[in-house]
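In what follows, a structure is listed as structure tokens, so that the remarks can point back to it.
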Amino acid sequence: MRLFILGLGYSVRHFVRRFGGSFSHVAGTVRDPAKRDDLAGIEVHAFSGERPARATAEQVRNADVLLVSIPPGPAGDPAIAAFGDVLAAGRRKIVYLSTIGVYGDHGGGWVDETTPPQSTLDRARIRVAAEQAWMDIAHGDAAILRLAGIYGPGRNALATLRAGTARRIIKPGQVFNRIHVDDIASAIMAAIHHGNGGTWNICDDEPSPPQDVIAYAAELMGIAPPPEEDFATAEMSAMARSFYASSARVSNAKLKHELGVTLVHPTYRHGLDALWRADEGR
């Protein structure tokens with residue numbers, strides 16, 4: 001199988017490190033290949049949303065699996081705009097990485113894949129439109145993976161505590177969902193091998209208040225956690241504050257039952273324990 005990746009972001013690079021050997025050829029796009037020296041074993045192509053080079057379009061045309069992690073913009077999905085003609089020809093497995101942010105605020109209640117997206121944020125509505133556009137391109141056979149908050153090596157509460165940037169923002173009733181990159185990689189591979197398209201939530205078993213994650217990481221490190229800050233008065237960017245506008249507990253039952261994924265890190269504690277054993281935050 002030939003794999004082509006639109007957008008070689010953090011979680012996708014981790015997927016390639018784990019499963020790249022399963023493919024006969026792996027290629028993907030970044031905005032500026034000259035600035036990337038961490039992509040050994042991947043044939044890299046430049047793509048910034050403009051008209052792609054012919055060689056890049058040929059990679060899309062010849063791919064057996066297309067893995068998409070480029071986010072959409074106000075004008076729509078840049079990859080569909082650039083490669084629409086190529087995508088319309090032939091059939092390939094398409095896996096599109098989306099976000100659980102599309103569900104919006106449910107006051108901490110449980111949601112699953114049957115819950116209609118209701119976010120009031122423009123970026124979430126644009127994301128829902130992009131999901132549908134990829135499903136249309138794939139004639140209903142795309143795998144839409146809605147990812148929770150991503151963490152893993154170099155990107156976790158242990159690392160932010162060590163860097164001195166961790167904060168304990170307290171908003172009563174607020175919970176977030178998370179997912180370790182190991183489990184994202186397993187979900188992507190399961191979706192590739194799944195016979196049909198569909199939508200799956202990719203998250204762990206335990207939606208939790210964000211301050212609990214920081215406190216647990218601090219306990220592992222044997223240090224005092226940062227002081228609590230009231231959300232109402234905390235200094236935050238508009239983007240950071242917008243994430244607190246939604247609180248929901250997202251179910252992963254369909255991920256387990258339909259894709260057959262067994263989570264390696266079913267809670268943030270499992271994930272942080274593994275990262276600590278791997279010397280993260282030391």
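Residue numbering restarts at 1 for every chain of the structure tokens, chains are lettered A, B, ... in their displayed order, and ligands are numbered from 1 as they appear.
Residues in contact with A:Thr262 at 9 Å, where only C-alpha atoms are counted and same-chain residues fewer than 6 positions away are skipped, are listed as Asp183, Ser186, Leu255 and Lys256 of chain A.
When the distance limit is 12 Å and only C-alpha atoms are what count, the residues near A:Ala159, minus those fewer than 6 positions from it on the same chain, are A:Tyr151, A:Gly152, A:Pro153, A:Thr165, A:Ala166, A:Ile214, A:Ala217, A:Ala218, A:Met221, A:Leu272, A:Leu275, A:Trp276, A:Asp279, A:Glu280, A:Gly281, A:Arg282.
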Just to be explicit: take each residue in the selection above, keep N, CA and C atoms, and write the result as an mmCIF file, in the first residue's frame.
data_model
loop_
_atom_site.group_PDB
_atom_site.id
_atom_site.type_symbol
_atom_site.label_atom_id
_atom_site.label_comp_id
_atom_site.auth_asym_id
_atom_site.auth_seq_id
_atom_site.Cartn_x
_atom_site.Cartn_y
_atom_site.Cartn_z
ATOM 1 N N TYR A 151 -1.955 14.408 23.402
ATOM 2 C CA TYR A 151 -0.726 14.522 24.189
ATOM 3 C C TYR A 151 0.160 13.319 23.896
ATOM 4 N N GLY A 152 1.420 13.445 24.278
ATOM 5 C CA GLY A 152 2.384 12.386 24.041
ATOM 6 C C GLY A 152 3.787 12.903 24.313
ATOM 7 N N PRO A 153 4.808 12.237 23.797
ATOM 8 C CA PRO A 153 6.187 12.671 24.045
ATOM 9 C C PRO A 153 6.422 14.117 23.641
ATOM 10 N N THR A 165 5.364 26.499 32.321
ATOM 11 C CA THR A 165 4.237 27.122 31.625
ATOM 12 C C THR A 165 2.886 26.498 31.997
ATOM 13 N N ALA A 166 2.889 25.486 32.854
ATOM 14 C CA ALA A 166 1.638 24.832 33.233
ATOM 15 C C ALA A 166 0.793 25.761 34.107
ATOM 16 N N ILE A 214 -2.833 18.363 35.670
ATOM 17 C CA ILE A 214 -1.643 19.082 36.115
ATOM 18 C C ILE A 214 -1.244 18.627 37.512
ATOM 19 N N ALA A 217 0.423 15.179 37.342
ATOM 20 C CA ALA A 217 1.771 15.276 36.787
ATOM 21 C C ALA A 217 2.744 15.841 37.822
ATOM 22 N N ALA A 218 2.306 16.849 38.562
ATOM 23 C CA ALA A 218 3.156 17.429 39.608
ATOM 24 C C ALA A 218 3.471 16.402 40.687
ATOM 25 N N MET A 221 6.181 14.177 39.558
ATOM 26 C CA MET A 221 7.476 14.868 39.559
ATOM 27 C C MET A 221 7.956 15.214 40.960
ATOM 28 N N LEU A 272 0.416 9.511 31.508
ATOM 29 C CA LEU A 272 1.472 10.246 32.200
ATOM 30 C C LEU A 272 2.441 9.305 32.905
ATOM 31 N N LEU A 275 4.829 8.159 30.250
ATOM 32 C CA LEU A 275 5.736 9.234 29.863
ATOM 33 C C LEU A 275 6.782 9.491 30.943
ATOM 34 N N TRP A 276 6.376 9.405 32.191
ATOM 35 C CA TRP A 276 7.321 9.607 33.303
ATOM 36 C C TRP A 276 8.372 8.504 33.318
ATOM 37 N N ASP A 279 11.161 9.090 31.061
ATOM 38 C CA ASP A 279 11.991 10.241 31.442
ATOM 39 C C ASP A 279 11.445 11.584 30.956
ATOM 40 N N GLU A 280 10.173 11.657 30.599
ATOM 41 C CA GLU A 280 9.569 12.964 30.292
ATOM 42 C C GLU A 280 9.514 13.799 31.573
ATOM 43 N N GLY A 281 9.825 15.070 31.446
ATOM 44 C CA GLY A 281 9.710 15.990 32.567
ATOM 45 C C GLY A 281 10.872 15.951 33.536
ATOM 46 N N ARG A 282 11.876 15.149 33.295
ATOM 47 C CA ARG A 282 12.991 15.037 34.239
ATOM 48 C C ARG A 282 14.101 16.027 33.868
#
inquiry  = Just checking: using only C-alpha atoms, which residue out of A:Gly90, A:Pro72, A:Gly9, A:Thr115 ends up closest to A:Ala133?
reply    = A:Pro72
Long-range neighbours of A:Tyr244 as a tab-separated table (two decimals) with N, CA, C and O atoms, in the first residue's frame, 10 Å cut-off, only C-alpha atoms, 6 positions minimum in chain:
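Saved the output as result-v4.tsv:
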chain	number	residue	atom	x	y	z
A	105	ASP	N	-20.94	22.56	23.42
A	105	ASP	CA	-21.13	22.48	24.87
A	105	ASP	C	-22.34	21.62	25.21
A	105	ASP	O	-23.45	21.86	24.72
A	169	ILE	N	-6.20	26.22	35.67
A	169	ILE	CA	-7.35	27.09	35.48
A	169	ILE	C	-8.59	26.35	36.00
A	169	ILE	O	-8.87	25.23	35.57
A	171	LYS	N	-12.52	26.09	36.32
A	171	LYS	CA	-13.87	26.47	35.90
A	171	LYS	C	-14.79	25.35	36.38
A	171	LYS	O	-14.73	24.23	35.85
A	174	GLN	N	-16.12	22.00	34.45
A	174	GLN	CA	-15.42	21.84	33.17
A	174	GLN	C	-14.68	20.51	33.09
A	174	GLN	O	-13.95	20.14	34.02
A	175	VAL	N	-14.88	19.80	32.00
A	175	VAL	CA	-14.09	18.59	31.73
A	175	VAL	C	-13.60	18.64	30.29
A	175	VAL	O	-14.24	19.22	29.42
A	176	PHE	N	-12.44	18.02	30.07
A	176	PHE	CA	-11.88	17.86	28.74
A	176	PHE	C	-11.62	16.38	28.48
A	176	PHE	O	-11.40	15.60	29.40
A	231	PHE	N	-11.08	30.82	36.41
A	231	PHE	CA	-11.27	31.03	34.98
A	231	PHE	C	-11.84	32.42	34.69
A	231	PHE	O	-11.45	33.07	33.71
Residue neighbourhood stretch 140-146 of chain A, 9 Å, only C-alpha atoms, exclusion window fewer than 2 positions, as a compact mmCIF listing (two decimals) with all heavy atoms, in the first residue's frame:
# COMPACT_ATOMS: atom_id res chain seq x y z
N LYS A 93 -8.52 4.74 0.03
CA LYS A 93 -8.98 4.87 1.41
C LYS A 93 -8.63 6.25 1.92
O LYS A 93 -7.47 6.67 1.85
CB LYS A 93 -8.33 3.80 2.30
CG LYS A 93 -8.87 3.78 3.72
CD LYS A 93 -10.28 3.23 3.78
CE LYS A 93 -10.80 3.17 5.20
NZ LYS A 93 -12.11 2.48 5.28
N ILE A 94 -9.61 6.98 2.44
CA ILE A 94 -9.37 8.32 2.98
C ILE A 94 -9.66 8.31 4.47
O ILE A 94 -10.73 7.89 4.92
CB ILE A 94 -10.25 9.37 2.29
CG1 ILE A 94 -9.87 9.49 0.80
CG2 ILE A 94 -10.13 10.73 2.98
CD1 ILE A 94 -10.75 10.44 0.01
N VAL A 95 -8.67 8.74 5.25
CA VAL A 95 -8.82 8.91 6.69
C VAL A 95 -8.63 10.38 7.00
O VAL A 95 -7.56 10.95 6.72
CB VAL A 95 -7.80 8.06 7.48
CG1 VAL A 95 -7.98 8.26 8.98
CG2 VAL A 95 -7.95 6.57 7.12
N TYR A 96 -9.66 11.01 7.56
CA TYR A 96 -9.63 12.44 7.82
C TYR A 96 -9.62 12.68 9.33
O TYR A 96 -10.51 12.21 10.05
CB TYR A 96 -10.85 13.12 7.20
CG TYR A 96 -10.91 14.62 7.46
CD1 TYR A 96 -9.99 15.47 6.87
CD2 TYR A 96 -11.87 15.16 8.31
CE1 TYR A 96 -10.02 16.84 7.11
CE2 TYR A 96 -11.92 16.52 8.56
CZ TYR A 96 -11.00 17.36 7.95
OH TYR A 96 -11.03 18.70 8.20
N LEU A 97 -8.62 13.41 9.80
CA LEU A 97 -8.49 13.70 11.23
C LEU A 97 -9.22 15.00 11.56
O LEU A 97 -8.83 16.08 11.13
CB LEU A 97 -7.01 13.82 11.62
CG LEU A 97 -6.15 12.59 11.31
CD1 LEU A 97 -4.76 12.77 11.90
CD2 LEU A 97 -6.79 11.29 11.80
N SER A 98 -10.30 14.86 12.32
CA SER A 98 -11.13 15.99 12.71
C SER A 98 -10.99 16.21 14.22
O SER A 98 -9.96 15.87 14.81
CB SER A 98 -12.59 15.72 12.31
OG SER A 98 -13.41 16.84 12.58
N THR A 99 -12.01 16.75 14.87
CA THR A 99 -11.92 17.09 16.29
C THR A 99 -13.26 16.87 16.97
O THR A 99 -14.32 17.09 16.37
CB THR A 99 -11.49 18.56 16.46
OG1 THR A 99 -11.67 18.95 17.84
CG2 THR A 99 -12.33 19.49 15.61
N ILE A 100 -13.21 16.48 18.24
CA ILE A 100 -14.43 16.36 19.03
C ILE A 100 -15.01 17.74 19.35
O ILE A 100 -16.13 17.83 19.86
CB ILE A 100 -14.21 15.57 20.33
CG1 ILE A 100 -13.16 16.28 21.22
CG2 ILE A 100 -13.82 14.13 20.04
CD1 ILE A 100 -13.09 15.75 22.63
N GLY A 101 -14.28 18.81 19.03
CA GLY A 101 -14.80 20.16 19.25
C GLY A 101 -16.08 20.44 18.49
O GLY A 101 -16.79 21.40 18.81
N VAL A 102 -16.40 19.61 17.48
CA VAL A 102 -17.62 19.85 16.70
C VAL A 102 -18.88 19.66 17.54
O VAL A 102 -19.95 20.17 17.19
CB VAL A 102 -17.68 18.94 15.46
CG1 VAL A 102 -16.49 19.21 14.54
CG2 VAL A 102 -17.74 17.47 15.84
N GLU A 131 -15.63 17.81 7.12
CA GLU A 131 -15.93 16.38 7.27
C GLU A 131 -16.86 15.90 6.16
O GLU A 131 -16.62 14.86 5.53
CB GLU A 131 -16.59 16.12 8.62
CG GLU A 131 -15.70 16.25 9.83
CD GLU A 131 -16.43 15.91 11.12
OE1 GLU A 131 -17.67 15.67 11.07
OE2 GLU A 131 -15.78 15.88 12.17
N GLN A 132 -17.92 16.66 5.93
CA GLN A 132 -18.90 16.27 4.92
C GLN A 132 -18.29 16.31 3.52
O GLN A 132 -18.57 15.45 2.68
CB GLN A 132 -20.12 17.18 4.98
CG GLN A 132 -21.26 16.74 4.06
CD GLN A 132 -21.74 15.33 4.36
OE1 GLN A 132 -22.10 15.02 5.50
NE2 GLN A 132 -21.73 14.46 3.35
N TRP A 134 -15.17 15.72 2.69
CA TRP A 134 -14.34 14.53 2.49
C TRP A 134 -15.19 13.29 2.33
O TRP A 134 -14.86 12.39 1.54
CB TRP A 134 -13.35 14.39 3.64
CG TRP A 134 -12.17 15.29 3.48
CD1 TRP A 134 -11.91 16.43 4.17
CD2 TRP A 134 -11.11 15.15 2.53
NE1 TRP A 134 -10.76 17.02 3.73
CE2 TRP A 134 -10.24 16.25 2.72
CE3 TRP A 134 -10.81 14.21 1.56
CZ2 TRP A 134 -9.10 16.42 1.96
CZ3 TRP A 134 -9.65 14.38 0.80
CH2 TRP A 134 -8.82 15.47 1.00
N MET A 135 -16.30 13.22 3.07
CA MET A 135 -17.19 12.08 2.92
C MET A 135 -17.77 12.05 1.50
O MET A 135 -17.89 10.99 0.88
CB MET A 135 -18.29 12.14 3.96
CG MET A 135 -19.08 10.86 4.11
SD MET A 135 -18.10 9.44 4.70
CE MET A 135 -18.09 9.73 6.47
N ASP A 136 -18.10 13.22 0.97
CA ASP A 136 -18.63 13.30 -0.39
C ASP A 136 -17.59 12.87 -1.42
O ASP A 136 -17.90 12.14 -2.37
CB ASP A 136 -19.12 14.72 -0.69
CG ASP A 136 -20.34 15.12 0.11
OD1 ASP A 136 -21.01 14.22 0.67
OD2 ASP A 136 -20.62 16.33 0.21
N ILE A 137 -16.35 13.36 -1.23
CA ILE A 137 -15.27 12.99 -2.15
C ILE A 137 -15.07 11.48 -2.18
O ILE A 137 -14.78 10.88 -3.23
CB ILE A 137 -13.95 13.70 -1.73
CG1 ILE A 137 -13.96 15.17 -2.16
CG2 ILE A 137 -12.73 12.99 -2.29
CD1 ILE A 137 -13.73 15.40 -3.63
N ALA A 138 -15.23 10.85 -1.00
CA ALA A 138 -15.00 9.41 -0.88
C ALA A 138 -16.26 8.59 -1.15
O ALA A 138 -16.28 7.39 -0.89
CB ALA A 138 -14.47 9.09 0.51
N ALA A 148 -9.69 13.86 20.37
CA ALA A 148 -9.72 14.66 21.60
C ALA A 148 -8.39 15.41 21.73
O ALA A 148 -7.58 15.43 20.80
CB ALA A 148 -9.96 13.74 22.79
N ALA A 187 -5.72 3.85 16.22
CA ALA A 187 -7.03 4.14 15.63
C ALA A 187 -6.93 4.40 14.13
O ALA A 187 -7.78 3.94 13.34
CB ALA A 187 -7.66 5.34 16.33
N ILE A 188 -5.90 5.13 13.71
CA ILE A 188 -5.70 5.38 12.27
C ILE A 188 -5.50 4.06 11.53
O ILE A 188 -6.12 3.82 10.49
CB ILE A 188 -4.49 6.31 12.04
CG1 ILE A 188 -4.80 7.72 12.56
CG2 ILE A 188 -4.13 6.36 10.56
CD1 ILE A 188 -3.61 8.65 12.56
N ALA A 191 -8.71 2.17 11.27
CA ALA A 191 -9.61 2.78 10.29
C ALA A 191 -9.19 2.44 8.87
O ALA A 191 -10.04 2.23 7.99
CB ALA A 191 -9.64 4.30 10.49
N ILE A 192 -7.88 2.39 8.63
CA ILE A 192 -7.38 2.03 7.30
C ILE A 192 -7.84 0.63 6.92
O ILE A 192 -8.24 0.37 5.78
CB ILE A 192 -5.85 2.15 7.25
CG1 ILE A 192 -5.43 3.63 7.29
CG2 ILE A 192 -5.28 1.47 6.00
CD1 ILE A 192 -3.94 3.85 7.46
N HIS A 194 -10.40 -1.02 8.24
CA HIS A 194 -11.84 -1.21 8.36
C HIS A 194 -12.48 -1.16 6.97
O HIS A 194 -12.14 -0.33 6.13
CB HIS A 194 -12.43 -0.12 9.25
CG HIS A 194 -13.87 -0.34 9.59
ND1 HIS A 194 -14.29 -1.38 10.38
CD2 HIS A 194 -15.00 0.34 9.26
CE1 HIS A 194 -15.60 -1.32 10.53
NE2 HIS A 194 -16.06 -0.29 9.85
N GLY A 195 -13.43 -2.03 6.73
CA GLY A 195 -13.98 -2.16 5.39
C GLY A 195 -14.81 -0.99 4.92
O GLY A 195 -14.90 -0.72 3.72
N ASN A 196 -15.41 -0.25 5.85
CA ASN A 196 -16.34 0.81 5.46
C ASN A 196 -15.92 2.15 6.05
O ASN A 196 -15.08 2.23 6.95
CB ASN A 196 -17.75 0.46 5.94
CG ASN A 196 -18.25 -0.84 5.35
OD1 ASN A 196 -18.17 -1.04 4.14
ND2 ASN A 196 -18.76 -1.72 6.19
N GLY A 197 -16.56 3.22 5.55
CA GLY A 197 -16.36 4.53 6.14
C GLY A 197 -17.23 4.72 7.37
O GLY A 197 -18.01 3.84 7.75
N GLY A 198 -17.08 5.87 7.99
CA GLY A 198 -17.86 6.17 9.19
C GLY A 198 -17.19 7.25 10.01
O GLY A 198 -16.16 7.81 9.60
N THR A 199 -17.77 7.53 11.15
CA THR A 199 -17.25 8.54 12.06
C THR A 199 -16.99 7.90 13.42
O THR A 199 -17.86 7.18 13.94
CB THR A 199 -18.24 9.70 12.22
OG1 THR A 199 -18.46 10.30 10.94
CG2 THR A 199 -17.71 10.77 13.17
N TRP A 200 -15.81 8.18 13.97
CA TRP A 200 -15.44 7.60 15.26
C TRP A 200 -14.79 8.67 16.15
O TRP A 200 -13.97 9.47 15.69
CB TRP A 200 -14.44 6.46 15.07
CG TRP A 200 -15.04 5.27 14.39
CD1 TRP A 200 -15.70 4.22 14.97
CD2 TRP A 200 -15.02 4.98 12.99
NE1 TRP A 200 -16.11 3.32 14.02
CE2 TRP A 200 -15.70 3.75 12.80
CE3 TRP A 200 -14.50 5.64 11.88
CZ2 TRP A 200 -15.88 3.18 11.54
CZ3 TRP A 200 -14.68 5.08 10.62
CH2 TRP A 200 -15.36 3.86 10.46
N ASN A 201 -15.17 8.65 17.43
CA ASN A 201 -14.52 9.49 18.42
C ASN A 201 -13.24 8.80 18.89
O ASN A 201 -13.27 7.61 19.24
CB ASN A 201 -15.43 9.72 19.63
CG ASN A 201 -16.69 10.47 19.28
OD1 ASN A 201 -16.68 11.33 18.40
ND2 ASN A 201 -17.78 10.17 19.96
N ILE A 202 -12.14 9.55 18.91
CA ILE A 202 -10.85 9.01 19.35
C ILE A 202 -10.47 9.73 20.65
O ILE A 202 -9.91 10.83 20.64
CB ILE A 202 -9.77 9.21 18.27
CG1 ILE A 202 -10.30 8.81 16.88
CG2 ILE A 202 -8.52 8.43 18.63
CD1 ILE A 202 -10.77 7.37 16.77
N CYS A 203 -10.83 9.12 21.75
CA CYS A 203 -10.59 9.73 23.07
C CYS A 203 -10.42 8.62 24.10
O CYS A 203 -10.73 7.46 23.83
CB CYS A 203 -11.74 10.65 23.45
SG CYS A 203 -13.37 9.87 23.40
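Within stretch 23-137 of chain A, DSSP run on the backbone puts these residues in strand (DSSP E): His25, Val26, Ala27, Gly28, Thr29, Val30, Glu43, Val44, His45, Ala46, Val65, Leu66, Leu67, Val68, Lys93, Ile94, Val95, Tyr96, Leu97, Ser98, Thr99, Trp110 and Val111 of chain A.
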query = Which polymer residues have any atom within 8 Å of an atom of A:Trp110, counting only C-alpha atoms, with same-chain residues fewer than 3 positions away left out, as JSON, numbers by chain?
reply = {"A": [106, 248, 249, 250, 251]}
key: Residue list (alpha helix (DSSP H), DSSP) for stretch 54-166 of chain A, as a ChimeraX atom specification   = /A:54-62,78-88,122-137,157-163
inquiry  = Need the shell around A:His45: protein/DNA/RNA residues with any atom at most 12 Å away, counting only C-alpha atoms. Skip same-chain ones fewer than 4 positions apart. Format as a PyMOL selection string?
reply    = chain A and resi 4-8+26-34+36+39+52-60
Please write the residues from the selection above to a file, keeping N, CA, C and O atoms, as a short mmCIF file (atom, residue, chain, number, x, y, z; two decimals), in the first residue's frame.
data_model
loop_
_atom_site.label_atom_id
_atom_site.label_comp_id
_atom_site.auth_asym_id
_atom_site.auth_seq_id
_atom_site.Cartn_x
_atom_site.Cartn_y
_atom_site.Cartn_z
N PHE A 4 -0.10 8.43 1.35
CA PHE A 4 0.22 9.85 1.19
C PHE A 4 -0.50 10.62 2.28
O PHE A 4 -1.70 10.40 2.53
N ILE A 5 0.24 11.54 2.91
CA ILE A 5 -0.27 12.28 4.06
C ILE A 5 -0.34 13.75 3.73
O ILE A 5 0.67 14.36 3.33
N LEU A 6 -1.50 14.32 3.87
CA LEU A 6 -1.67 15.77 3.69
C LEU A 6 -1.57 16.42 5.06
O LEU A 6 -2.52 16.42 5.84
N GLY A 7 -0.38 16.96 5.35
CA GLY A 7 -0.13 17.61 6.62
C GLY A 7 0.60 16.71 7.59
O GLY A 7 -0.02 15.91 8.29
N LEU A 8 1.93 16.82 7.64
CA LEU A 8 2.74 15.96 8.51
C LEU A 8 2.86 16.57 9.90
O LEU A 8 3.93 17.01 10.33
N VAL A 26 5.86 5.88 1.64
CA VAL A 26 5.24 6.89 2.49
C VAL A 26 5.72 8.26 2.03
O VAL A 26 6.92 8.52 1.93
N ALA A 27 4.78 9.14 1.73
CA ALA A 27 5.10 10.51 1.35
C ALA A 27 4.08 11.44 2.01
O ALA A 27 3.02 11.00 2.47
N GLY A 28 4.42 12.72 2.08
CA GLY A 28 3.50 13.66 2.70
C GLY A 28 3.91 15.09 2.48
O GLY A 28 4.97 15.37 1.89
N THR A 29 3.05 16.01 2.93
CA THR A 29 3.28 17.43 2.68
C THR A 29 3.60 18.21 3.95
O THR A 29 3.10 17.91 5.03
N VAL A 30 4.43 19.22 3.78
CA VAL A 30 4.68 20.25 4.79
C VAL A 30 4.71 21.59 4.05
O VAL A 30 4.85 21.63 2.83
N ARG A 31 4.58 22.66 4.80
CA ARG A 31 4.62 23.97 4.16
C ARG A 31 5.98 24.27 3.56
O ARG A 31 6.08 24.81 2.45
N ASP A 32 7.05 23.96 4.29
CA ASP A 32 8.40 24.28 3.82
C ASP A 32 9.34 23.13 4.16
O ASP A 32 9.84 23.02 5.28
N PRO A 33 9.60 22.23 3.20
CA PRO A 33 10.48 21.09 3.47
C PRO A 33 11.87 21.49 3.94
O PRO A 33 12.51 20.73 4.68
N ALA A 34 12.34 22.66 3.55
CA ALA A 34 13.69 23.09 3.93
C ALA A 34 13.83 23.28 5.43
O ALA A 34 14.94 23.24 5.98
N ARG A 36 12.37 21.33 7.69
CA ARG A 36 12.05 20.10 8.40
C ARG A 36 13.18 19.09 8.22
O ARG A 36 13.47 18.67 7.11
N LEU A 39 11.96 14.22 9.36
CA LEU A 39 11.03 13.41 8.59
C LEU A 39 11.76 12.33 7.79
O LEU A 39 11.43 12.05 6.64
N PRO A 52 -0.81 22.88 -6.32
CA PRO A 52 0.30 21.97 -6.00
C PRO A 52 1.16 21.65 -7.21
O PRO A 52 0.73 21.79 -8.36
N ALA A 53 2.38 21.22 -6.94
CA ALA A 53 3.25 20.76 -8.00
C ALA A 53 2.69 19.48 -8.62
O ALA A 53 1.96 18.72 -7.97
N ARG A 54 3.07 19.23 -9.87
CA ARG A 54 2.56 18.05 -10.56
C ARG A 54 2.95 16.77 -9.83
O ARG A 54 2.14 15.84 -9.71
N ALA A 55 4.17 16.74 -9.30
CA ALA A 55 4.63 15.53 -8.60
C ALA A 55 3.80 15.27 -7.35
O ALA A 55 3.54 14.11 -7.01
N THR A 56 3.38 16.34 -6.69
CA THR A 56 2.55 16.18 -5.50
C THR A 56 1.18 15.64 -5.87
O THR A 56 0.65 14.73 -5.21
N ALA A 57 0.60 16.18 -6.92
CA ALA A 57 -0.70 15.69 -7.39
C ALA A 57 -0.62 14.23 -7.80
O ALA A 57 -1.56 13.45 -7.55
N GLU A 58 0.50 13.81 -8.38
CA GLU A 58 0.66 12.42 -8.77
C GLU A 58 0.72 11.51 -7.55
O GLU A 58 0.24 10.37 -7.58
N GLN A 59 1.34 11.99 -6.48
CA GLN A 59 1.37 11.20 -5.25
C GLN A 59 -0.04 10.96 -4.73
O GLN A 59 -0.37 9.86 -4.28
N VAL A 60 -0.88 11.99 -4.77
CA VAL A 60 -2.27 11.84 -4.35
C VAL A 60 -2.98 10.85 -5.26
O VAL A 60 -3.71 9.96 -4.81
#
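Considering only C-alpha atoms, the residue among A:Ser247, A:Ala224, A:Ala81, A:Phe19 positioned nearest to A:Ala130 is A:Ala81.
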note = In terms of only C-alpha atoms, the residue from A:Gly20, A:Gly271, A:Pro71, A:Pro225 at minimal distance from A:Thr160 is A:Pro225
